[in-house]
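Trainee: Provided below: structure14.cif, containing mmCIF, C-alpha atoms.
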data_entry
loop_
_atom_site.label_atom_id
_atom_site.label_comp_id
_atom_site.auth_asym_id
_atom_site.auth_seq_id
_atom_site.Cartn_x
_atom_site.Cartn_y
_atom_site.Cartn_z
CA MET A 25 -213.90 36.50 31.12
CA SER A 26 -217.55 36.71 32.13
CA HIS A 27 -220.10 38.69 30.16
CA HIS A 28 -220.29 41.16 33.04
CA GLU A 29 -216.54 41.75 32.84
CA LYS A 30 -216.73 42.05 29.03
CA ILE A 31 -219.35 44.77 29.37
CA ILE A 32 -217.16 46.74 31.78
CA ALA A 33 -213.98 46.31 29.71
CA SER A 34 -215.76 47.24 26.48
CA PHE A 35 -217.29 50.31 28.10
CA GLU A 36 -213.88 51.46 29.30
CA ALA A 37 -212.49 50.95 25.78
CA TYR A 38 -215.44 52.88 24.37
CA GLN A 39 -214.85 55.80 26.74
CA ALA A 40 -211.16 56.02 25.83
CA GLU A 41 -211.76 55.79 22.08
CA ASN A 42 -214.69 58.20 22.16
CA GLU A 43 -212.57 60.75 24.00
CA LYS A 44 -209.80 60.44 21.40
CA PHE A 45 -212.34 60.89 18.63
CA LYS A 46 -214.17 63.85 20.19
CA GLU A 47 -211.20 65.71 21.67
CA LYS A 48 -208.45 64.98 19.15
CA GLY A 49 -210.49 64.24 16.03
CA ILE A 50 -208.84 60.85 15.42
CA LYS A 51 -211.08 59.14 12.87
CA ALA A 52 -209.72 55.64 13.58
CA SER A 53 -210.89 56.04 17.17
CA ALA A 54 -214.45 56.44 15.93
CA THR A 55 -214.23 52.98 14.36
CA ARG A 56 -212.80 51.49 17.56
CA ALA A 57 -215.50 53.22 19.64
CA ARG A 58 -218.20 51.74 17.40
CA LYS A 59 -216.60 48.30 17.72
CA ALA A 60 -216.61 48.60 21.51
CA LEU A 61 -220.30 49.58 21.42
CA GLN A 62 -221.08 46.48 19.35
CA GLU A 63 -219.19 44.31 21.87
CA ILE A 64 -221.22 45.90 24.67
CA SER A 65 -224.44 45.14 22.82
CA THR A 66 -223.51 41.50 22.29
CA ALA A 67 -222.32 40.99 25.87
CA CYS A 68 -225.47 42.66 27.22
CA LYS A 69 -227.70 40.27 25.31
CA GLU A 70 -225.79 37.27 26.61
CA ARG A 71 -225.77 38.59 30.19
CA ARG A 72 -229.55 39.15 30.03
CA LYS A 73 -229.98 35.48 29.10
CA GLU A 74 -227.74 34.42 31.98
CA ILE A 75 -229.66 36.56 34.46
CA THR A 76 -232.98 35.12 33.28
CA ALA A 77 -231.67 31.57 33.65
CA GLU A 78 -230.23 32.31 37.10
CA LYS A 79 -233.48 33.96 38.23
CA GLU A 80 -235.56 31.01 37.05
CA ALA A 81 -233.20 28.61 38.82
CA MET A 82 -233.66 30.61 42.05
CA ASP A 83 -237.43 30.33 41.70
CA GLY A 84 -237.09 26.56 41.71
CA LYS A 85 -238.08 26.12 38.12
CA SER A 86 -236.48 23.08 36.57
CA GLY A 87 -236.60 24.28 33.02
CA SER A 88 -240.36 24.64 32.72
CA GLY A 89 -241.20 28.02 31.32
CA MET A 90 -237.60 28.68 30.30
CA SER A 91 -237.20 29.43 26.65
CA GLN A 92 -235.18 26.93 24.67
CA ASP A 93 -232.56 29.57 23.97
CA ALA A 94 -232.19 30.46 27.67
CA ALA A 95 -232.05 26.79 28.60
CA ARG A 96 -229.37 26.14 26.01
CA HIS A 97 -227.25 29.06 27.24
CA ALA A 98 -227.73 28.07 30.87
CA HIS A 99 -226.58 24.55 30.02
CA ILE A 100 -223.55 25.80 28.09
CA ARG A 101 -222.46 28.08 30.96
CA LYS A 102 -222.42 25.26 33.54
#
As structure tokens, please, write out the structure in this file.
Mentor:
Amino acid sequence: MSHHEKIIASFEAYQAENEKFKEKGIKASATRARKALQEISTACKERRKEITAEKEAMDGKSGSGMSQDAARHAHIRK
């Protein structure tokens, strides 16, 4: 599953759990909603790195100017 898909799936899980917590007062749903938010945060950070690497590749940069972290993630994703 791509990071983009993880963001969407986690957001859908968050919406469902948040609704259960707010509407029905289910405390366990609050924990699951918070977990989904953490997954969104993590996936967003990874997707940002991917987008940066893809953008730099489009500009014709062959690694110059790319941070080591972005270069490492771009290499891992290939």
Trainee: What gap, in Å, lies between CA of Glu29 (chain A) and CA of Met82 (chain A)?
Mentor: 22.4 Å
Trainee: Residues within 6 Å of region 62-69 of chain A, please, as a compact mmCIF listing (two decimals) with C-alpha atoms, in the coordinates of the input. Count only C-alpha atoms; anything in the same chain fewer than 6 positions from it doesn't count.
Mentor:
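Listing of selection_25.txt after writing:
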# COMPACT_ATOMS: atom_id res chain seq x y z
CA HIS A 27 -220.10 38.69 30.16
CA ILE A 31 -219.35 44.77 29.37
CA SER A 34 -215.76 47.24 26.48
Trainee: By how many Å are CA of Glu70 (chain A) and CA of Ala52 (chain A) apart?
Mentor: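 Calculated distance between CA of Glu70 (chain A) and CA of Ala52 (chain A) is 27.7 Å.
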Trainee: Please provide as a ChimeraX atom specification all residues within 8 Å of Ser53 (chain A), with the sequence filter that same-chain residues fewer than 4 positions apart are discarded (counting all atoms listed in the file).
Mentor: /A:41-42,44-45,57
Trainee: With only C-alpha atoms as the basis for distance, which of A:Gln39, A:Lys79, A:Lys59, A:Arg72 is at the shortest distance from Asp93 (chain A)?
Mentor: A:Arg72
Trainee: Of the candidates A:Ile75, A:Met25, A:Ala81, A:Ala60, which shows the shortest atom-to-atom distance to Ala40 (chain A), using all atoms listed in the file?
Mentor: A:Ala60
Trainee: Just to confirm, what's the straight-line distance from CA of Lys30 (chain A) to CA of Glu47 (chain A) in Å (one decimal)?
Mentor: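 Atom-to-atom, CA of Lys30 (chain A) and CA of Glu47 (chain A) are spaced 25.4 Å apart.
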